[in-house]
Every structure is written in C-alpha cells, then in structure tokens.
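Dropping query32.txt in here (compact mmCIF, C-alpha atoms):
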# COMPACT_ATOMS: atom_id res chain seq x y z
CA MET A 11 33.13 -198.96 261.64
CA LYS A 12 32.46 -200.05 265.24
CA THR A 13 30.59 -197.43 267.23
CA ILE A 14 30.65 -196.01 270.72
CA ASP A 15 27.11 -195.23 271.90
CA PHE A 16 26.99 -191.88 273.68
CA TRP A 17 23.61 -191.58 275.43
CA PHE A 18 22.98 -188.10 276.77
CA ASP A 19 20.51 -185.32 277.52
CA PHE A 20 21.06 -181.88 275.99
CA ALA A 21 20.33 -180.38 279.44
CA SER A 22 23.20 -182.32 281.05
CA PRO A 23 26.39 -180.34 281.82
CA TYR A 24 28.25 -183.63 282.27
CA ALA A 25 27.35 -184.59 278.68
CA TYR A 26 28.95 -181.33 277.56
CA PHE A 27 32.04 -182.04 279.69
CA ALA A 28 32.50 -185.48 278.11
CA ARG A 29 31.57 -184.79 274.47
CA ALA A 30 34.90 -183.61 273.04
CA GLU A 31 36.90 -186.27 274.86
CA ILE A 32 34.61 -189.04 273.65
CA GLU A 33 35.13 -187.86 270.09
CA LYS A 34 38.91 -187.86 270.58
CA LEU A 35 38.87 -191.33 272.15
CA ALA A 36 36.71 -192.70 269.35
CA ARG A 37 39.03 -191.27 266.69
CA ARG A 38 42.12 -192.66 268.44
CA HIS A 39 40.57 -196.14 268.52
CA GLY A 40 39.08 -196.20 265.04
CA ARG A 41 35.48 -195.90 266.22
CA ALA A 42 32.57 -193.68 265.28
CA VAL A 43 30.47 -192.00 267.98
CA ALA A 44 26.77 -192.84 267.77
CA TRP A 45 25.16 -189.73 269.31
CA ARG A 46 22.07 -190.85 271.22
CA PRO A 47 20.13 -187.85 272.57
CA THR A 48 17.35 -188.84 274.96
CA LEU A 49 15.23 -187.40 277.77
CA LEU A 50 16.95 -188.15 281.04
CA TRP A 51 13.91 -187.46 283.27
CA ALA A 52 11.84 -190.00 281.31
CA VAL A 53 14.61 -192.60 281.38
CA LEU A 54 15.21 -192.14 285.14
CA LYS A 55 11.48 -192.42 285.83
CA ALA A 56 11.30 -195.68 283.88
CA GLN A 57 14.36 -197.02 285.74
CA GLY A 58 12.97 -196.08 289.17
CA ILE A 59 15.67 -193.49 289.84
CA ALA A 60 14.73 -190.21 291.55
CA PRO A 61 15.88 -187.00 289.81
CA PRO A 62 19.02 -185.62 291.54
CA GLY A 63 17.14 -182.38 292.32
CA ASP A 64 14.86 -184.28 294.71
CA SER A 65 17.53 -184.02 297.42
CA ARG A 66 18.64 -180.51 298.41
CA ALA A 67 22.01 -181.83 299.65
CA LYS A 68 22.68 -183.78 296.46
CA TRP A 69 21.60 -180.93 294.22
CA ASP A 70 23.75 -178.37 296.09
CA TYR A 71 26.70 -180.73 295.73
CA LEU A 72 26.11 -181.30 292.02
CA LEU A 73 25.94 -177.56 291.22
CA LYS A 74 29.34 -177.06 292.86
CA ASP A 75 30.72 -180.20 291.24
CA MET A 76 29.66 -178.96 287.79
CA GLU A 77 31.47 -175.64 288.20
CA ARG A 78 34.57 -177.37 289.54
CA SER A 79 34.55 -180.14 286.92
CA ALA A 80 34.46 -177.52 284.15
CA ALA A 81 37.45 -175.72 285.69
CA PHE A 82 39.27 -179.03 286.21
CA MET A 83 38.77 -179.93 282.53
CA GLY A 84 39.63 -176.41 281.35
CA LEU A 85 36.26 -175.93 279.65
CA PRO A 86 34.27 -172.68 279.42
CA PHE A 87 31.04 -173.11 281.38
CA GLN A 88 27.99 -170.96 282.00
CA MET A 89 25.66 -172.66 284.46
CA PRO A 90 22.32 -173.09 282.67
CA PRO A 91 19.02 -172.69 284.57
CA LEU A 92 18.74 -176.38 285.53
CA PRO A 93 16.61 -178.32 285.01
CA PHE A 94 15.39 -177.11 281.62
CA SER A 95 13.48 -178.76 278.81
CA SER A 96 15.60 -180.44 276.18
CA HIS A 97 12.91 -182.22 274.18
CA LEU A 98 12.90 -179.75 271.25
CA ALA A 99 16.66 -180.07 270.84
CA ALA A 100 16.50 -183.87 271.03
CA ARG A 101 13.61 -184.09 268.55
CA MET A 102 15.32 -181.73 266.11
CA VAL A 103 18.59 -183.66 266.16
CA LEU A 104 16.97 -187.09 265.93
CA ALA A 105 14.75 -186.04 263.00
CA LEU A 106 17.55 -184.27 261.10
CA ALA A 107 19.80 -187.30 261.58
CA GLN A 108 17.45 -189.26 259.31
CA THR A 109 18.18 -187.06 256.28
CA ARG A 110 21.53 -185.52 257.25
CA PRO A 111 23.42 -188.18 259.24
CA ASP A 112 26.75 -186.38 258.83
CA LEU A 113 25.40 -183.32 260.61
CA ILE A 114 24.41 -185.01 263.87
CA GLY A 115 27.91 -184.74 265.40
CA PRO A 116 28.47 -181.07 264.56
CA LEU A 117 24.89 -180.21 265.55
CA THR A 118 25.28 -181.96 268.91
CA THR A 119 28.49 -180.01 269.50
CA GLU A 120 26.87 -176.69 268.54
CA ILE A 121 23.85 -177.22 270.78
CA LEU A 122 25.82 -178.39 273.84
CA ASP A 123 28.32 -175.53 273.42
CA ALA A 124 25.49 -173.00 273.06
CA ALA A 125 23.75 -174.28 276.20
CA MET A 126 26.78 -174.83 278.42
CA ALA A 127 29.63 -172.62 277.20
CA ARG A 128 27.55 -169.57 276.19
CA GLY A 129 24.41 -169.86 278.33
CA GLU A 130 21.98 -169.76 275.38
CA PRO A 131 18.44 -170.94 276.30
CA ILE A 132 18.25 -174.00 274.03
CA ALA A 133 14.83 -174.91 275.42
CA GLU A 134 13.51 -172.23 273.01
CA ALA A 135 12.69 -173.10 269.40
CA GLY A 136 14.06 -169.79 268.10
CA VAL A 137 17.48 -170.44 269.64
CA LEU A 138 17.59 -173.90 268.07
CA VAL A 139 16.65 -172.45 264.66
CA THR A 140 19.57 -170.02 264.92
CA ILE A 141 21.97 -172.81 265.86
CA ALA A 142 20.74 -174.98 262.97
CA ALA A 143 21.19 -172.08 260.57
CA ARG A 144 24.92 -171.97 261.41
CA LEU A 145 25.14 -175.47 259.94
CA GLY A 146 23.21 -174.52 256.81
CA ILE A 147 19.82 -175.87 257.92
CA GLY A 148 16.91 -173.63 256.98
CA GLU A 149 14.24 -172.45 259.43
CA ALA A 150 11.44 -174.52 257.86
CA GLU A 151 13.49 -177.71 258.00
CA ALA A 152 14.63 -177.11 261.59
CA THR A 153 11.09 -176.28 262.74
CA ALA A 154 9.60 -179.32 261.02
CA ALA A 155 12.28 -181.49 262.63
CA MET A 156 11.51 -180.30 266.14
CA ASN A 157 7.71 -180.25 265.84
CA GLY A 158 6.87 -182.93 263.28
CA PRO A 159 5.76 -186.51 263.94
CA ASP A 160 9.17 -188.02 263.06
CA GLY A 161 11.02 -186.21 265.84
CA ARG A 162 8.33 -187.09 268.39
CA ALA A 163 8.35 -190.77 267.42
CA LEU A 164 12.15 -190.94 267.33
CA LEU A 165 12.45 -189.37 270.77
CA SER A 166 9.90 -191.81 272.26
CA ARG A 167 11.85 -194.65 270.74
CA SER A 168 15.16 -193.29 272.03
CA VAL A 169 13.77 -193.28 275.59
CA GLU A 170 12.62 -196.88 275.20
CA GLU A 171 15.99 -197.91 273.75
CA ALA A 172 17.89 -196.07 276.50
CA VAL A 173 15.88 -197.86 279.17
CA ALA A 174 16.47 -201.21 277.47
CA ALA A 175 20.22 -200.43 277.25
CA GLY A 176 20.36 -199.84 281.01
CA VAL A 177 20.97 -196.10 280.85
CA CYS A 178 20.83 -194.65 284.37
CA GLY A 179 22.26 -191.14 283.90
CA SER A 180 23.83 -188.69 281.44
CA PRO A 181 26.23 -189.17 279.79
CA PHE A 182 26.07 -192.95 279.54
CA THR A 183 28.63 -194.43 277.19
CA ILE A 184 28.53 -197.98 275.85
CA ALA A 185 31.62 -199.41 274.14
CA ASP A 186 31.78 -203.09 273.14
CA GLY A 187 28.88 -203.87 275.46
CA GLU A 188 30.56 -202.21 278.46
CA ALA A 189 28.64 -199.34 280.08
CA PHE A 190 30.20 -196.23 281.65
CA PHE A 191 28.13 -193.64 283.51
CA GLY A 192 29.43 -190.10 283.87
CA ALA A 193 32.02 -187.73 282.48
CA ASP A 194 34.29 -188.99 285.27
CA ARG A 195 34.50 -192.40 283.60
CA LEU A 196 36.52 -191.01 280.65
CA PRO A 197 39.81 -192.42 282.02
CA GLN A 198 38.20 -195.85 282.38
CA ILE A 199 36.78 -195.66 278.85
CA ALA A 200 40.25 -194.82 277.51
CA TRP A 201 41.71 -197.72 279.49
CA TRP A 202 38.96 -200.09 278.31
CA LEU A 203 39.41 -199.20 274.64
CA GLY A 204 43.16 -199.57 275.03
CA ARG A 205 42.72 -203.14 276.26
CA VAL A 206 41.43 -204.17 272.84
CA PRO A 207 44.50 -205.63 271.07
CA ALA A 208 46.17 -203.07 268.81
CA ALA A 209 45.98 -205.44 265.81
CA SER A 210 42.20 -205.63 265.96
CA ASN A 211 42.00 -201.84 266.32
CA ALA A 212 44.16 -201.48 263.24
CA ALA A 213 41.95 -203.93 261.36
CA VAL A 214 38.87 -201.89 262.28
CA ALA A 215 40.54 -198.65 261.23
CA ALA A 216 41.72 -200.17 257.94
CA SER A 217 38.30 -201.58 257.10
CA SER A 218 36.73 -198.17 257.47
CA ALA A 219 39.43 -196.23 255.55
CA MET B 13 48.22 -180.05 310.78
CA LYS B 14 45.35 -179.26 308.40
CA THR B 15 43.10 -182.26 307.83
CA ILE B 16 41.25 -183.84 304.95
CA ASP B 17 37.89 -185.22 306.13
CA PHE B 18 37.23 -188.63 304.60
CA TRP B 19 33.59 -189.55 305.26
CA PHE B 20 32.82 -193.15 304.39
CA ASP B 21 30.88 -196.31 305.16
CA PHE B 22 32.75 -199.54 305.87
CA ALA B 23 30.33 -201.30 303.48
CA SER B 24 31.30 -199.04 300.56
CA PRO B 25 33.61 -200.54 297.91
CA TYR B 26 34.28 -197.03 296.59
CA ALA B 27 35.61 -196.04 300.05
CA TYR B 28 38.04 -198.95 299.79
CA PHE B 29 39.05 -197.90 296.26
CA ALA B 30 39.83 -194.33 297.42
CA ARG B 31 41.43 -194.96 300.83
CA ALA B 32 45.07 -195.55 299.89
CA GLU B 33 45.12 -192.71 297.36
CA ILE B 34 43.63 -190.25 299.86
CA GLU B 35 46.38 -191.15 302.32
CA LYS B 36 49.04 -190.60 299.63
CA LEU B 37 47.52 -187.27 298.58
CA ALA B 38 47.32 -186.09 302.18
CA ARG B 39 50.96 -187.01 302.81
CA ARG B 40 52.09 -185.25 299.62
CA HIS B 41 50.31 -182.06 300.68
CA GLY B 42 51.24 -182.05 304.36
CA ARG B 43 47.76 -182.96 305.59
CA ALA B 44 46.41 -185.56 307.98
CA VAL B 45 43.39 -187.66 307.02
CA ALA B 46 40.50 -187.40 309.48
CA TRP B 47 38.79 -190.79 309.08
CA ARG B 48 35.05 -190.28 309.49
CA PRO B 49 33.18 -193.61 309.43
CA THR B 50 29.42 -193.19 309.28
CA LEU B 51 26.27 -195.09 308.27
CA LEU B 52 25.51 -194.25 304.66
CA TRP B 53 21.91 -195.52 304.71
CA ALA B 54 21.08 -193.23 307.65
CA VAL B 55 22.81 -190.24 306.04
CA LEU B 56 21.06 -190.81 302.68
CA LYS B 57 17.70 -191.15 304.40
CA ALA B 58 18.21 -187.84 306.21
CA GLN B 59 19.28 -186.15 302.95
CA GLY B 60 16.25 -187.48 301.04
CA ILE B 61 18.37 -189.66 298.73
CA ALA B 62 17.09 -193.12 297.78
CA PRO B 63 19.53 -196.03 298.30
CA PRO B 64 21.15 -197.02 294.96
CA GLY B 65 19.71 -200.52 295.29
CA ASP B 66 16.18 -199.13 294.87
CA SER B 67 16.68 -199.10 291.08
CA ARG B 68 17.49 -202.44 289.44
CA ALA B 69 19.17 -200.69 286.48
CA LYS B 70 21.32 -198.49 288.71
CA TRP B 71 22.27 -201.36 291.00
CA ASP B 72 23.21 -203.64 288.08
CA TYR B 73 25.36 -200.85 286.69
CA LEU B 74 27.07 -200.19 290.03
CA LEU B 75 27.99 -203.85 290.57
CA LYS B 76 29.74 -203.90 287.17
CA ASP B 77 31.31 -200.51 287.80
CA MET B 78 32.75 -201.72 291.12
CA GLU B 79 34.44 -204.74 289.51
CA ARG B 80 35.78 -202.62 286.66
CA SER B 81 36.92 -199.76 288.91
CA ALA B 82 38.93 -202.21 291.02
CA ALA B 83 40.60 -203.60 287.88
CA PHE B 84 41.22 -200.08 286.55
CA MET B 85 42.90 -199.08 289.82
CA GLY B 86 44.83 -202.35 290.05
CA LEU B 87 43.31 -203.26 293.42
CA PRO B 88 42.40 -206.77 294.63
CA PHE B 89 38.62 -206.93 295.06
CA GLN B 90 36.19 -209.57 296.32
CA MET B 91 32.62 -208.38 295.85
CA PRO B 92 31.03 -208.37 299.32
CA PRO B 93 27.36 -209.37 299.81
CA LEU B 94 26.01 -205.82 299.41
CA PRO B 95 24.37 -204.21 301.22
CA PHE B 96 25.65 -205.41 304.58
CA SER B 97 25.61 -203.95 308.06
CA SER B 98 28.61 -201.81 308.94
CA HIS B 99 27.44 -200.38 312.26
CA LEU B 100 29.59 -202.66 314.46
CA ALA B 101 32.73 -201.72 312.52
CA ALA B 102 31.91 -198.02 312.66
CA ARG B 103 31.11 -198.12 316.39
CA MET B 104 34.30 -200.05 317.17
CA VAL B 105 36.52 -197.65 315.24
CA LEU B 106 34.86 -194.49 316.59
CA ALA B 107 35.06 -195.71 320.20
CA LEU B 108 38.68 -196.93 319.93
CA ALA B 109 39.68 -193.61 318.32
CA GLN B 110 38.91 -191.92 321.66
CA THR B 111 41.66 -193.81 323.49
CA ARG B 112 43.93 -194.88 320.63
CA PRO B 113 43.78 -192.07 318.03
CA ASP B 114 46.90 -193.31 316.25
CA LEU B 115 45.24 -196.64 315.50
CA ILE B 116 42.24 -195.29 313.59
CA GLY B 117 44.07 -195.10 310.25
CA PRO B 118 45.60 -198.60 310.38
CA LEU B 119 42.33 -200.05 311.72
CA THR B 120 40.32 -198.44 308.91
CA THR B 121 42.77 -199.90 306.40
CA GLU B 122 42.60 -203.37 307.96
CA ILE B 123 38.80 -203.43 308.05
CA LEU B 124 38.31 -202.15 304.49
CA ASP B 125 40.94 -204.56 303.16
CA ALA B 126 39.35 -207.47 305.03
CA ALA B 127 35.89 -206.65 303.65
CA MET B 128 36.82 -205.75 300.09
CA ALA B 129 40.13 -207.43 299.22
CA ARG B 130 39.58 -210.70 301.11
CA GLY B 131 35.79 -211.01 301.34
CA GLU B 132 35.70 -211.32 305.15
CA PRO B 133 32.22 -210.76 306.66
CA ILE B 134 32.98 -207.65 308.71
CA ALA B 135 29.32 -207.36 309.73
CA GLU B 136 30.18 -210.06 312.30
CA ALA B 137 31.58 -209.15 315.71
CA GLY B 138 33.96 -212.14 315.73
CA VAL B 139 35.57 -211.06 312.47
CA LEU B 140 36.10 -207.53 313.83
CA VAL B 141 37.65 -208.93 317.03
CA THR B 142 40.14 -210.90 314.92
CA ILE B 143 41.01 -207.82 312.86
CA ALA B 144 41.47 -205.70 316.01
CA ALA B 145 43.74 -208.38 317.49
CA ARG B 146 46.14 -207.95 314.56
CA LEU B 147 46.66 -204.38 315.78
CA GLY B 148 47.20 -205.44 319.37
CA ILE B 149 43.69 -204.70 320.61
CA GLY B 150 42.32 -207.32 323.02
CA GLU B 151 38.95 -209.02 322.64
CA ALA B 152 37.41 -207.32 325.69
CA GLU B 153 38.42 -203.86 324.50
CA ALA B 154 37.21 -204.47 320.94
CA THR B 155 33.89 -205.91 322.12
CA ALA B 156 33.29 -203.04 324.55
CA ALA B 157 34.07 -200.56 321.77
CA MET B 158 31.52 -202.04 319.37
CA ASN B 159 28.75 -202.67 321.92
CA GLY B 160 29.24 -200.01 324.61
CA PRO B 161 27.42 -196.69 324.94
CA ASP B 162 30.37 -194.62 323.64
CA GLY B 163 30.40 -196.28 320.23
CA ARG B 164 26.63 -195.94 319.90
CA ALA B 165 26.66 -192.27 320.84
CA LEU B 166 29.65 -191.50 318.61
CA LEU B 167 28.03 -193.20 315.61
CA SER B 168 24.78 -191.27 316.10
CA ARG B 169 26.78 -188.07 316.28
CA SER B 170 28.78 -188.98 313.17
CA VAL B 171 25.55 -189.40 311.19
CA GLU B 172 24.34 -185.98 312.38
CA GLU B 173 27.68 -184.37 311.54
CA ALA B 174 27.78 -186.05 308.12
CA VAL B 175 24.31 -184.74 307.29
CA ALA B 176 25.29 -181.25 308.46
CA ALA B 177 28.47 -181.42 306.34
CA GLY B 178 26.39 -182.19 303.23
CA VAL B 179 27.54 -185.78 302.79
CA CYS B 180 25.52 -187.41 300.01
CA GLY B 181 27.47 -190.63 299.33
CA SER B 182 30.57 -192.68 300.22
CA PRO B 183 33.37 -191.76 300.08
CA PHE B 184 32.81 -188.04 300.57
CA THR B 185 36.01 -186.06 300.96
CA ILE B 186 36.18 -182.49 302.27
CA ALA B 187 39.41 -180.51 301.82
CA ASP B 188 39.58 -176.80 302.71
CA GLY B 189 35.78 -176.61 302.66
CA GLU B 190 35.53 -178.15 299.18
CA ALA B 191 33.49 -181.35 298.91
CA PHE B 192 34.24 -184.27 296.56
CA PHE B 193 31.89 -187.25 296.21
CA GLY B 194 33.23 -190.56 294.95
CA ALA B 195 36.47 -192.43 294.37
CA ASP B 196 36.34 -190.98 290.84
CA ARG B 197 37.00 -187.49 292.22
CA LEU B 198 40.58 -188.40 293.25
CA PRO B 199 42.10 -186.57 290.24
CA GLN B 200 40.10 -183.44 291.11
CA ILE B 201 41.16 -183.67 294.77
CA ALA B 202 44.82 -183.88 293.68
CA TRP B 203 44.30 -180.90 291.37
CA TRP B 204 42.51 -178.92 294.09
CA LEU B 205 45.22 -179.53 296.70
CA GLY B 206 47.86 -178.61 294.13
CA ARG B 207 46.21 -175.22 293.60
CA VAL B 208 47.11 -174.21 297.14
CA PRO B 209 50.33 -172.19 296.74
CA ALA B 210 53.41 -174.32 297.37
CA ALA B 211 54.69 -171.87 300.01
CA SER B 212 51.62 -172.29 302.19
CA ASN B 213 51.82 -176.08 301.80
CA ALA B 214 55.44 -175.93 302.95
CA ALA B 215 54.45 -173.77 305.92
CA VAL B 216 51.79 -176.30 306.92
CA ALA B 217 54.25 -179.17 306.61
CA ALA B 218 56.92 -177.31 308.60
CA SER B 219 54.55 -176.36 311.40
CA SER B 220 53.62 -180.00 311.90
CA ALA B 221 57.14 -181.40 311.71

Would you mind writing the file's structure down as structure tokens?
Amino acid sequence: MKTIDFWFDFASPYAYFARAEIEKLARRHGRAVAWRPTLLWAVLKAQGIAPPGDSRAKWDYLLKDMERSAAFMGLPFQMPPLPFSSHLAARMVLALAQTRPDLIGPLTTEILDAAMARGEPIAEAGVLVTIAARLGIGEAEATAAMNGPDGRALLSRSVEEAVAAGVCGSPFTIADGEAFFGADRLPQIAWWLGRVPAASNAAVAASSA
Amino acid sequence: MKTIDFWFDFASPYAYFARAEIEKLARRHGRAVAWRPTLLWAVLKAQGIAPPGDSRAKWDYLLKDMERSAAFMGLPFQMPPLPFSSHLAARMVLALAQTRPDLIGPLTTEILDAAMARGEPIAEAGVLVTIAARLGIGEAEATAAMNGPDGRALLSRSVEEAVAAGVCGSPFTIADGEAFFGADRLPQIAWWLGRVPAASNAAVAASSA
C-alpha cells in the first residue's frame, strides 16, 4: 500500500491537531500512514531554522493560535508546558515499531491524546509506561524501548532522515513526493490526494485488500 | 463601521492569496478592511524573527508551497523574484491614502495583482506610476507619494505600529482584537467572524448603511 509520511514531534500541538484527519484522509485514499516521530529542535537546528520560542511576538501568537485552532477543529486541548522533552516518547515508539509495527498508530494516538487532550506530562518515563500498558505493553518492554540502544539509534536516524526529506516543522506530511507543512495544510492535502485519478486510487486500494 | 486590519507586505505572495477573500469576508460581516502595508523585513527584525530565506530547506519548501497554494485557491500566479523591495509601493499607497482614502483598496488590489498575477516588477517606480495611472492618479502625484517625506514617515510609523500590534508575518489579520497569521487562516477568520452574534453584525451593518 502507498504511504503518507507523517513527520512530527510528540511535543507539537499541531501534530495532535492533524493526526486524526491524516488517518481519515489516508483511509479515504487507500493509503497507510507512516508515522515518523522525530525531534523537531534537532531537525530545525540542522536546517538553520530558529525555534519559534526565540521570538516573544511569534511565541505569544503561536500560543493563542494553538488554543484557537483546537476550538476551530472541535478538539479537546490542554496546553502542555511548552517546550518539553519528547525524546523518550519518540525512542519508545520507534523501538516498539520494530517488533510491534501494528501498534505504532494506536500508540502515537494514545501519546498525543495524553499530552494534548489530557495534559499528561509525557516527558516522564512513568507516564509513558502507563500509556504503553493500556495497549498491552509491559513495563520492562516499554522501559527497554525508551532507554535501550535501538531507540537511541532509531531516533538519531529519524532526525537525519527528516533533515534529508526537507522537514522544516511539525507536522510535515509527504504524499507522493509533495510536502505539506502544518495542520493548516490538511485541506491542500485532501485536494492533492483527490487529484490522483480515481482509477489509480481504486487499483491501490484493491491491491492492498 | 468596524474594521478588519490587514497587515501585509506588497512582496508577499500570501498577502496576494488572501486579499480577495478578506474583502469578501469583511463585506459578508459588515466590516471595512483597513489595508495596512508595511515592510515585513523590518517588522521581523524588530520582533527577533529570522527571514524565511535564511534556511535553504524552509525557503525551498515555501517556494513550492506558494505555487501549490495558488493552484489550490484557483488564482493566477507568476512567481516574483523574491525577495524584492516593496518600500516604494508601500510609501506610495500610504501617502495617497491620506488624500484619496477610497483608492487604497483598489490600488492595493492593482499592485498585488501586477506583482503576483502578471509578474510586473513593482519594485520599480515606473511600474508603480503606470499602475497608479490606471486609477486616474497622475505621474507627479504618484512620484511625490512614493518619494516625498509623507510616505517615508508613514511607512516608518506603519512598521512601529505593526511591531506594537504583534505582527509576525504577512498577511497578518486582526479582527476584534484576535490575530491571524497567514493566508491559511482564512477559514478560521470566517469562523471567528461568524461567532459574533448575528444581531450585532446586523446592527453594525445598519449603522454604516
């Protein structure tokens, strides 16, 4: 099945705003979402982009825009204490995806919902263990995933791959080689996917059935 | 009549993408658009925001996003040689607005269309004189507006006012104290204006009729 790459940081409210809609769009167009957690600060640094918090005016605007965007999209939202560290979450998900690929979507949803809809401090290992447990992942496995060498190596590689793919923010969606930055590009992504002739969409859907 | 402040730079394709829709939204909600040309580079510098062209990855993304956004919105678009100087256009419009306030909307439209739909080099005084002539403004008046002390002083003041208003990009729309950055915030602006009770909208429209 053709994929839609969804690059994101677990500390990004805009990734949370876009997640459910990206899944719906992918389903409608016979695609799978490739969840690509990464570390936005490291990607921005490599791309020569200053963190948005460097400008007081920009940061003040973004905080208001996040609250309003959540209301506009009808999503529950608890402003997290931004910025916060998302490397444990990213390492855990990337490592678990090696052995449990089917869980990466539900786990991504659980973690983003915990952080953004319920205000849970997902920077903490204990919180991530509890979230993993809801999906049937034991404490030892979750802890090994977030602290072991696999997770560390996979996260380093994800930053390198994000930089190479041109990622310049979160979320950053790539569909058929076309890149879309931001939750506000959802209408353009829908429009772009709809431009693919229906017959070829059907063929893709049939081949994956 | 209540206004919607539309802060923008004449060298901003996203200002061109949003202009017509902002006018429609204002009309639908009984508002007038207050056109606020400014110099984005000066505003960004004052706000501590790096120009988007400082990052190769971000700039490459934006150039593609501009082309795609124009296609998505169904607007003719000729990529201008970005960045280019917009201070003559801004000074001319700000100075002429003092004596011909009714012309500022049509003049803004003409200049943005010339720059973005037809690829005319609006950094050049001669091109601006030709555009002004289409609206019945003579060469002497147009030239005085773009080079005289009024235009210079008004543009300096507009940068100061933009910074004070929290502007952090172009276009930057402020409606009832709520700020919206980007052409991609048009759906949220429509939603926001629609939240104002219909009765008070009607009262505003009636009082200005």

Counting all atoms listed in the file, which residues in chain B sit no more than 6 Å from chain A? For each one, give the nearest pair of atoms and the distance in Å, sorted by chain then residue number, as CSV.
residue,atom,partner,partner_atom,distance
B:Gly60,CA,A:Ser65,CA,5.2
B:Ile61,CA,A:Ser65,CA,5.9
B:Ser67,CA,A:Gly58,CA,5.2
B:Ala69,CA,A:Gly176,CA,5.7
B:Lys70,CA,A:Cys178,CA,5.8
B:Gly178,CA,A:Ala67,CA,5.7
B:Cys180,CA,A:Lys68,CA,5.8

To one decimal place, how far is CA of Thr13 in chain A from CA of Asp186 in chain A in Å?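 The value is 8.3 Å.
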
Determine the axis-aligned bounding box of all atoms of range 153-160 of chain B present in the file, pad each side by 5 Å, and express its centre and edge lengths in Å to one decimal place as JSON.
{"center_x": 33.6, "center_y": -203.0, "center_z": 322.0, "size_x": 19.7, "size_y": 15.9, "size_z": 15.2}

All residues 12 Å or closer to range 145-154 of chain B, only C-alpha atoms, same chain fewer than 5 positions away omitted, as an MDAnalysis selection string: chainID B and resid 100:109 111:112 114:123 126 137:140 159:160 163

Would you please work out which residue, of A:Ser22, A:Val169, A:Arg205, A:Met11, is nearest to Gly40 in chain A when using all atoms listed in the file?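 The closest residue to Gly40 in chain A is A:Met11.
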
So what do you get for CA of Ser166 in chain A versus CA of Arg46 in chain A, distance-wise?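 One can read the CA of Ser166 in chain A to CA of Arg46 in chain A distance as 12.3 Å.
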
Which polymer residues have any atom within 9 Å of an atom of Tyr28 in chain B, counting only C-alpha atoms, with same-chain residues fewer than 4 positions away left out, as a list of chain:residue names?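 Near neighbours after the sequence-gap exclusion: B:Phe22, B:Ala23, B:Ser24, B:Ala32, B:Thr121, B:Leu124, B:Asp125, B:Ala127, B:Met128, B:Ala129, B:Pro183, B:Ala195.
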
For Ala28 in chain A, which residue among A:Phe94, A:Phe16, A:Trp51, A:Phe87 is the nearest when counting only C-alpha atoms? A:Phe16

Atom pair CA of Asp162 in chain B / CA of Glu136 in chain B: separation (Å):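 The value is 19.2 Å.
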
Counting only C-alpha atoms, which residues come within 9 Å of (36.5, -190.8, 303.6), with the point read in the file's coordinates, and could you list them as number ranges by chain? B: 16-21, 27, 30-31, 34, 45-49, 182-186

Atoms kept (C-alpha atoms) for selection, written as a short mmCIF file (atom, residue, chain, number, x, y, z; two decimals), in the coordinates of the input:
data_model
loop_
_atom_site.label_atom_id
_atom_site.label_comp_id
_atom_site.auth_asym_id
_atom_site.auth_seq_id
_atom_site.Cartn_x
_atom_site.Cartn_y
_atom_site.Cartn_z
CA ILE B 16 41.25 -183.84 304.95
CA ASP B 17 37.89 -185.22 306.13
CA PHE B 18 37.23 -188.63 304.60
CA TRP B 19 33.59 -189.55 305.26
CA PHE B 20 32.82 -193.15 304.39
CA ASP B 21 30.88 -196.31 305.16
CA ALA B 27 35.61 -196.04 300.05
CA ALA B 30 39.83 -194.33 297.42
CA ARG B 31 41.43 -194.96 300.83
CA ILE B 34 43.63 -190.25 299.86
CA VAL B 45 43.39 -187.66 307.02
CA ALA B 46 40.50 -187.40 309.48
CA TRP B 47 38.79 -190.79 309.08
CA ARG B 48 35.05 -190.28 309.49
CA PRO B 49 33.18 -193.61 309.43
CA SER B 182 30.57 -192.68 300.22
CA PRO B 183 33.37 -191.76 300.08
CA PHE B 184 32.81 -188.04 300.57
CA THR B 185 36.01 -186.06 300.96
CA ILE B 186 36.18 -182.49 302.27
#
